[in-house]
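Step one of this worksheet: look at the structure below.
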Amino acid sequence: MIRLLLADDEDLLRGALAALLGLEDDIEVVAEASTSTDAVRLAAEHRPDIAVLDLEMPPTDGLRAAEEIRAALPTRIVLVTRHARPAVLRRALAAGVSGFVPKTTEATRLAEIIRDVAAGRRYVDPEIAASALTEDACPLSERELEVLRASRTGASVREIAAQVHLAPGTVRNYLSSAMTKLGASSRHAAAHHAWQQGWI
């Protein structure tokens, strides 16, 4: 029996998926979570064989939850996403994620992928894999990415400066440079764009 944790902030979708996967003879849904924080907590509590995590899940995201779960447990991870970005795929694979599938995947196909992952194999959606080979390079420097990553939490410039060990003025310069490069009207828009592209 494959013991499964499902995590998705959309209750209807998560419930439907749990019901459909529960019909499979060899899959048991042992826990359901609606946030990335709950996913990590429930994984530690139930120690599932596989965790199926939504990528766009508050308060952080499914990839961060995957990293935390993988650091503590042998649980294998399948990430499900509506907006599959190639850079996110690369980060996911580097974090030890075993499966990467779009939300358009049918439940019966997802069950097959879960079985493959449980058997030690990896699965990456072919269209996501193909787009990863043709993606443009990130135009931002490491420091620009660092301050954008810190700004995703809604922190002030002063708080970001303390977090990344830079002067507030220097943080403003990096944020302004990143906004210019991305054509973004605010640092929040720039950070969201960078996150969508999988750069942070």
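Quick note on naming: the chains in the structure tokens go A, B, ... in the order shown, residues restart at 1 in each chain, and ligands are numbered from 1 in order of appearance.
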Next on the checklist: I'd like the neighbourhood of stretch 161-164 of chain A as a PyMOL selection string, where a residue qualifies if any of its atoms comes within 9 Å (using only C-alpha atoms), though same-chain residues fewer than 6 positions away should be ignored.
Outcome noted: chain A and resi 143+146-147+150+170-171
Let me see the file: selected residues, C-alpha atoms, as a compact mmCIF listing (two decimals), in the first residue's frame.
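Below you can see out-v3.txt, which holds the result:
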```txt
# COMPACT_ATOMS: atom_id res chain seq x y z
CA ARG A 143 22.24 39.90 -5.17
CA GLU A 146 18.50 37.61 -3.00
CA VAL A 147 16.72 40.91 -2.23
CA ALA A 150 13.50 38.46 0.81
CA THR A 170 22.08 49.26 -1.31
CA VAL A 171 18.92 47.13 -1.04
```
Using DSSP on the backbone coordinates, identify all residues within stretch 29-157 of chain A classified as strand (DSSP E); present the result as a short mmCIF file (atom, residue, chain, number, x, y, z; two decimals) with all heavy atoms, in the first residue's frame.
```cif
data_model
loop_
_atom_site.label_atom_id
_atom_site.label_comp_id
_atom_site.auth_asym_id
_atom_site.auth_seq_id
_atom_site.Cartn_x
_atom_site.Cartn_y
_atom_site.Cartn_z
N VAL A 29 -4.78 7.56 1.06
CA VAL A 29 -4.53 8.95 1.43
C VAL A 29 -4.57 9.02 2.96
O VAL A 29 -5.63 8.84 3.56
CB VAL A 29 -5.57 9.90 0.80
CG1 VAL A 29 -5.32 11.34 1.26
CG2 VAL A 29 -5.54 9.80 -0.72
N VAL A 30 -3.40 9.26 3.57
CA VAL A 30 -3.32 9.24 5.03
C VAL A 30 -3.45 10.64 5.64
O VAL A 30 -3.71 10.77 6.84
CB VAL A 30 -2.01 8.58 5.52
CG1 VAL A 30 -1.99 7.12 5.12
CG2 VAL A 30 -0.78 9.31 5.00
N ALA A 31 -3.27 11.69 4.83
CA ALA A 31 -3.39 13.06 5.36
C ALA A 31 -3.63 14.04 4.22
O ALA A 31 -3.20 13.81 3.09
CB ALA A 31 -2.12 13.44 6.12
N GLU A 32 -4.33 15.14 4.56
CA GLU A 32 -4.58 16.22 3.61
C GLU A 32 -4.20 17.54 4.26
O GLU A 32 -4.49 17.77 5.43
CB GLU A 32 -6.05 16.26 3.20
CG GLU A 32 -6.53 15.06 2.41
CD GLU A 32 -8.00 15.20 2.03
OE1 GLU A 32 -8.40 16.30 1.56
OE2 GLU A 32 -8.75 14.22 2.20
N ALA A 33 -3.56 18.42 3.49
CA ALA A 33 -3.15 19.73 3.99
C ALA A 33 -3.58 20.82 3.03
O ALA A 33 -3.68 20.59 1.82
CB ALA A 33 -1.63 19.76 4.17
N ILE A 50 4.73 9.03 -0.14
CA ILE A 50 4.77 10.07 -1.15
C ILE A 50 3.91 11.25 -0.71
O ILE A 50 2.83 11.08 -0.15
CB ILE A 50 4.25 9.54 -2.52
CG1 ILE A 50 5.19 8.45 -3.03
CG2 ILE A 50 4.12 10.67 -3.55
CD1 ILE A 50 4.78 7.83 -4.34
N ALA A 51 4.41 12.45 -0.98
CA ALA A 51 3.63 13.68 -0.76
C ALA A 51 3.38 14.32 -2.11
O ALA A 51 4.32 14.58 -2.87
CB ALA A 51 4.37 14.64 0.16
N VAL A 52 2.11 14.55 -2.43
CA VAL A 52 1.73 15.25 -3.66
C VAL A 52 1.41 16.69 -3.25
O VAL A 52 0.44 16.93 -2.54
CB VAL A 52 0.51 14.59 -4.34
CG1 VAL A 52 0.10 15.38 -5.58
CG2 VAL A 52 0.83 13.14 -4.72
N LEU A 53 2.26 17.62 -3.68
CA LEU A 53 2.18 19.01 -3.23
C LEU A 53 1.86 19.96 -4.37
O LEU A 53 2.47 19.88 -5.45
CB LEU A 53 3.52 19.44 -2.61
CG LEU A 53 4.14 18.56 -1.53
CD1 LEU A 53 5.49 19.11 -1.12
CD2 LEU A 53 3.21 18.46 -0.33
N ASP A 54 0.92 20.87 -4.12
CA ASP A 54 0.64 21.95 -5.07
C ASP A 54 1.79 22.95 -4.99
O ASP A 54 2.22 23.31 -3.89
CB ASP A 54 -0.69 22.62 -4.68
CG ASP A 54 -1.05 23.78 -5.59
OD1 ASP A 54 -0.57 23.82 -6.73
OD2 ASP A 54 -1.81 24.65 -5.13
N ARG A 76 9.00 10.63 -0.79
CA ARG A 76 9.21 11.10 -2.16
C ARG A 76 8.17 12.17 -2.47
O ARG A 76 7.05 12.11 -1.97
CB ARG A 76 9.11 9.95 -3.15
CG ARG A 76 10.20 8.92 -2.97
CD ARG A 76 10.05 7.78 -3.96
NE ARG A 76 11.04 6.75 -3.74
CZ ARG A 76 12.28 6.78 -4.22
NH1 ARG A 76 12.67 7.80 -4.96
NH2 ARG A 76 13.13 5.81 -3.98
N ILE A 77 8.55 13.13 -3.32
CA ILE A 77 7.69 14.29 -3.59
C ILE A 77 7.26 14.32 -5.06
O ILE A 77 8.08 14.15 -5.96
CB ILE A 77 8.42 15.62 -3.28
CG1 ILE A 77 9.02 15.62 -1.86
CG2 ILE A 77 7.50 16.81 -3.51
CD1 ILE A 77 8.02 15.64 -0.74
N VAL A 78 5.96 14.59 -5.26
CA VAL A 78 5.43 14.89 -6.59
C VAL A 78 4.85 16.30 -6.51
O VAL A 78 3.97 16.57 -5.69
CB VAL A 78 4.33 13.90 -7.02
CG1 VAL A 78 3.72 14.32 -8.36
CG2 VAL A 78 4.89 12.48 -7.12
N LEU A 79 5.38 17.23 -7.33
CA LEU A 79 4.86 18.59 -7.38
C LEU A 79 3.83 18.71 -8.49
O LEU A 79 4.06 18.21 -9.60
CB LEU A 79 5.99 19.59 -7.64
CG LEU A 79 6.84 20.04 -6.45
CD1 LEU A 79 7.89 21.04 -6.92
CD2 LEU A 79 6.00 20.65 -5.34
N VAL A 80 2.72 19.37 -8.18
CA VAL A 80 1.65 19.60 -9.16
C VAL A 80 1.52 21.11 -9.33
O VAL A 80 1.48 21.85 -8.34
CB VAL A 80 0.32 19.00 -8.67
CG1 VAL A 80 -0.76 19.19 -9.72
CG2 VAL A 80 0.48 17.53 -8.33
N THR A 81 1.46 21.57 -10.58
CA THR A 81 1.41 23.01 -10.78
C THR A 81 0.52 23.41 -11.95
O THR A 81 0.35 22.66 -12.90
CB THR A 81 2.83 23.58 -11.01
OG1 THR A 81 2.75 24.99 -11.21
CG2 THR A 81 3.49 22.94 -12.23
N GLY A 99 8.70 13.86 -8.95
CA GLY A 99 7.70 14.00 -10.00
C GLY A 99 7.29 15.44 -10.18
O GLY A 99 7.26 16.20 -9.21
N PHE A 100 7.02 15.83 -11.43
CA PHE A 100 6.63 17.20 -11.73
C PHE A 100 5.54 17.13 -12.78
O PHE A 100 5.81 16.74 -13.93
CB PHE A 100 7.84 17.97 -12.25
CG PHE A 100 7.75 19.46 -12.07
CD1 PHE A 100 8.20 20.06 -10.91
CD2 PHE A 100 7.22 20.25 -13.06
CE1 PHE A 100 8.11 21.44 -10.74
CE2 PHE A 100 7.12 21.63 -12.91
CZ PHE A 100 7.57 22.22 -11.75
N VAL A 101 4.30 17.45 -12.40
CA VAL A 101 3.16 17.26 -13.31
C VAL A 101 2.26 18.50 -13.33
O VAL A 101 2.14 19.20 -12.33
CB VAL A 101 2.31 16.03 -12.90
CG1 VAL A 101 3.13 14.75 -12.99
CG2 VAL A 101 1.74 16.18 -11.51
N PRO A 102 1.61 18.76 -14.47
CA PRO A 102 0.65 19.88 -14.53
C PRO A 102 -0.68 19.49 -13.88
O PRO A 102 -0.99 18.31 -13.76
CB PRO A 102 0.48 20.11 -16.03
CG PRO A 102 0.80 18.79 -16.66
CD PRO A 102 1.80 18.12 -15.77
N TYR A 123 9.41 11.17 -12.69
CA TYR A 123 8.55 11.52 -13.82
C TYR A 123 8.50 13.03 -13.97
O TYR A 123 8.23 13.75 -13.01
CB TYR A 123 7.11 11.01 -13.63
CG TYR A 123 6.22 11.45 -14.76
CD1 TYR A 123 6.17 10.75 -15.95
CD2 TYR A 123 5.47 12.64 -14.65
CE1 TYR A 123 5.38 11.18 -17.02
CE2 TYR A 123 4.68 13.08 -15.71
CZ TYR A 123 4.64 12.35 -16.89
OH TYR A 123 3.89 12.79 -17.94
N VAL A 124 8.78 13.51 -15.18
CA VAL A 124 8.65 14.93 -15.49
C VAL A 124 7.77 15.04 -16.73
O VAL A 124 8.01 14.36 -17.73
CB VAL A 124 10.03 15.58 -15.77
CG1 VAL A 124 9.85 17.04 -16.19
CG2 VAL A 124 10.92 15.50 -14.53
#
```
Checklist entry - Hey, which of A:Met179, A:Ala194, A:Ala118, A:Ala137 ends up closest to A:Arg152? Count only C-alpha atoms. => result A:Ala194
Next on the checklist: If you run DSSP on the backbone here, which positions in stretch 6-115 of chain A get alpha helix (DSSP H)? Please write them as a PyMOL selection string.
Outcome noted: chain A and resi 11-22+36-46+62-72+86-94+107-115
Item to check | Selection near A:Leu23, 12 Å with only C-alpha atoms, sequence-local residues under 6 positions removed, as a ChimeraX atom specification | outcome: /A:16-17,29,107-108,111
Checklist entry - What's the 10 Å shell around A:Leu148, counting only C-alpha atoms, without same-chain residues fewer than 5 positions away, as a list in words? => result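 Contacts, in chain order: Leu140, Glu142, Arg143, Thr153, Ile160, Val171, Tyr174, Leu175, Ala178, Met179, Arg187, His188, Ala189, Ala190, Ala191, His192, His193, Ala194, Trp195, Trp199 and Ile200 of chain A.
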Those selected residues, please, written with N, CA, C and O atoms and delivered as a PDB file, in the first residue's frame.
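Once written, out.pdb looks like this:
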```pdb
ATOM      1  N   LEU A 140      18.886  38.597 -13.932  1.00  0.00           N
ATOM      2  CA  LEU A 140      19.180  39.199 -12.634  1.00  0.00           C
ATOM      3  C   LEU A 140      20.455  38.645 -12.011  1.00  0.00           C
ATOM      4  O   LEU A 140      20.788  37.469 -12.183  1.00  0.00           O
ATOM      5  N   GLU A 142      22.879  37.595  -8.670  1.00  0.00           N
ATOM      6  CA  GLU A 142      22.596  36.843  -7.439  1.00  0.00           C
ATOM      7  C   GLU A 142      22.082  37.759  -6.333  1.00  0.00           C
ATOM      8  O   GLU A 142      21.179  37.405  -5.597  1.00  0.00           O
ATOM      9  N   ARG A 143      22.670  38.953  -6.207  1.00  0.00           N
ATOM     10  CA  ARG A 143      22.237  39.899  -5.167  1.00  0.00           C
ATOM     11  C   ARG A 143      20.814  40.402  -5.432  1.00  0.00           C
ATOM     12  O   ARG A 143      20.007  40.547  -4.517  1.00  0.00           O
ATOM     13  N   THR A 153       8.163  38.188   1.196  1.00  0.00           N
ATOM     14  CA  THR A 153       7.447  38.041   2.462  1.00  0.00           C
ATOM     15  C   THR A 153       6.699  39.322   2.846  1.00  0.00           C
ATOM     16  O   THR A 153       5.989  39.347   3.840  1.00  0.00           O
ATOM     17  N   ILE A 160      14.572  43.827   5.007  1.00  0.00           N
ATOM     18  CA  ILE A 160      15.315  43.087   3.982  1.00  0.00           C
ATOM     19  C   ILE A 160      16.812  43.322   4.167  1.00  0.00           C
ATOM     20  O   ILE A 160      17.619  42.388   4.103  1.00  0.00           O
ATOM     21  N   VAL A 171      20.089  47.972  -0.749  1.00  0.00           N
ATOM     22  CA  VAL A 171      18.916  47.129  -1.045  1.00  0.00           C
ATOM     23  C   VAL A 171      18.001  47.849  -2.032  1.00  0.00           C
ATOM     24  O   VAL A 171      17.537  47.258  -3.007  1.00  0.00           O
ATOM     25  N   TYR A 174      19.459  47.603  -5.519  1.00  0.00           N
ATOM     26  CA  TYR A 174      19.269  46.278  -6.120  1.00  0.00           C
ATOM     27  C   TYR A 174      17.818  46.060  -6.543  1.00  0.00           C
ATOM     28  O   TYR A 174      17.541  45.518  -7.612  1.00  0.00           O
ATOM     29  N   LEU A 175      16.877  46.494  -5.693  1.00  0.00           N
ATOM     30  CA  LEU A 175      15.462  46.357  -6.036  1.00  0.00           C
ATOM     31  C   LEU A 175      15.113  47.180  -7.273  1.00  0.00           C
ATOM     32  O   LEU A 175      14.420  46.708  -8.175  1.00  0.00           O
ATOM     33  N   ALA A 178      16.533  45.501 -10.373  1.00  0.00           N
ATOM     34  CA  ALA A 178      15.741  44.320 -10.735  1.00  0.00           C
ATOM     35  C   ALA A 178      14.427  44.733 -11.384  1.00  0.00           C
ATOM     36  O   ALA A 178      13.995  44.144 -12.388  1.00  0.00           O
ATOM     37  N   MET A 179      13.776  45.759 -10.830  1.00  0.00           N
ATOM     38  CA  MET A 179      12.516  46.244 -11.396  1.00  0.00           C
ATOM     39  C   MET A 179      12.715  46.749 -12.823  1.00  0.00           C
ATOM     40  O   MET A 179      11.916  46.460 -13.717  1.00  0.00           O
ATOM     41  N   ARG A 187       8.434  46.543  -6.498  1.00  0.00           N
ATOM     42  CA  ARG A 187       9.306  45.421  -6.094  1.00  0.00           C
ATOM     43  C   ARG A 187       8.501  44.147  -5.913  1.00  0.00           C
ATOM     44  O   ARG A 187       8.990  43.051  -6.160  1.00  0.00           O
ATOM     45  N   HIS A 188       7.233  44.297  -5.485  1.00  0.00           N
ATOM     46  CA  HIS A 188       6.384  43.117  -5.301  1.00  0.00           C
ATOM     47  C   HIS A 188       6.080  42.459  -6.646  1.00  0.00           C
ATOM     48  O   HIS A 188       6.087  41.231  -6.764  1.00  0.00           O
ATOM     49  N   ALA A 189       5.836  43.299  -7.664  1.00  0.00           N
ATOM     50  CA  ALA A 189       5.595  42.768  -9.011  1.00  0.00           C
ATOM     51  C   ALA A 189       6.858  42.086  -9.549  1.00  0.00           C
ATOM     52  O   ALA A 189       6.786  41.028 -10.173  1.00  0.00           O
ATOM     53  N   ALA A 190       8.010  42.692  -9.284  1.00  0.00           N
ATOM     54  CA  ALA A 190       9.281  42.103  -9.732  1.00  0.00           C
ATOM     55  C   ALA A 190       9.530  40.773  -9.039  1.00  0.00           C
ATOM     56  O   ALA A 190       9.931  39.787  -9.674  1.00  0.00           O
ATOM     57  N   ALA A 191       9.259  40.732  -7.736  1.00  0.00           N
ATOM     58  CA  ALA A 191       9.466  39.488  -6.977  1.00  0.00           C
ATOM     59  C   ALA A 191       8.506  38.401  -7.457  1.00  0.00           C
ATOM     60  O   ALA A 191       8.897  37.236  -7.600  1.00  0.00           O
ATOM     61  N   HIS A 192       7.265  38.794  -7.739  1.00  0.00           N
ATOM     62  CA  HIS A 192       6.279  37.810  -8.215  1.00  0.00           C
ATOM     63  C   HIS A 192       6.686  37.268  -9.586  1.00  0.00           C
ATOM     64  O   HIS A 192       6.597  36.062  -9.839  1.00  0.00           O
ATOM     65  N   HIS A 193       7.153  38.157 -10.452  1.00  0.00           N
ATOM     66  CA  HIS A 193       7.602  37.733 -11.784  1.00  0.00           C
ATOM     67  C   HIS A 193       8.782  36.762 -11.667  1.00  0.00           C
ATOM     68  O   HIS A 193       8.814  35.721 -12.332  1.00  0.00           O
ATOM     69  N   ALA A 194       9.740  37.118 -10.815  1.00  0.00           N
ATOM     70  CA  ALA A 194      10.917  36.245 -10.627  1.00  0.00           C
ATOM     71  C   ALA A 194      10.513  34.898 -10.052  1.00  0.00           C
ATOM     72  O   ALA A 194      11.050  33.854 -10.432  1.00  0.00           O
ATOM     73  N   TRP A 195       9.521  34.907  -9.140  1.00  0.00           N
ATOM     74  CA  TRP A 195       9.049  33.650  -8.565  1.00  0.00           C
ATOM     75  C   TRP A 195       8.344  32.818  -9.639  1.00  0.00           C
ATOM     76  O   TRP A 195       8.573  31.605  -9.741  1.00  0.00           O
ATOM     77  N   TRP A 199      13.025  31.711 -10.711  1.00  0.00           N
ATOM     78  CA  TRP A 199      14.373  32.190 -10.393  1.00  0.00           C
ATOM     79  C   TRP A 199      14.595  32.314  -8.893  1.00  0.00           C
ATOM     80  O   TRP A 199      15.721  32.308  -8.428  1.00  0.00           O
ATOM     81  N   ILE A 200      13.509  32.499  -8.140  1.00  0.00           N
ATOM     82  CA  ILE A 200      13.633  32.577  -6.672  1.00  0.00           C
ATOM     83  C   ILE A 200      12.633  31.609  -6.046  1.00  0.00           C
ATOM     84  O   ILE A 200      11.674  31.201  -6.679  1.00  0.00           O
TER      85      ILE A 200
END
```
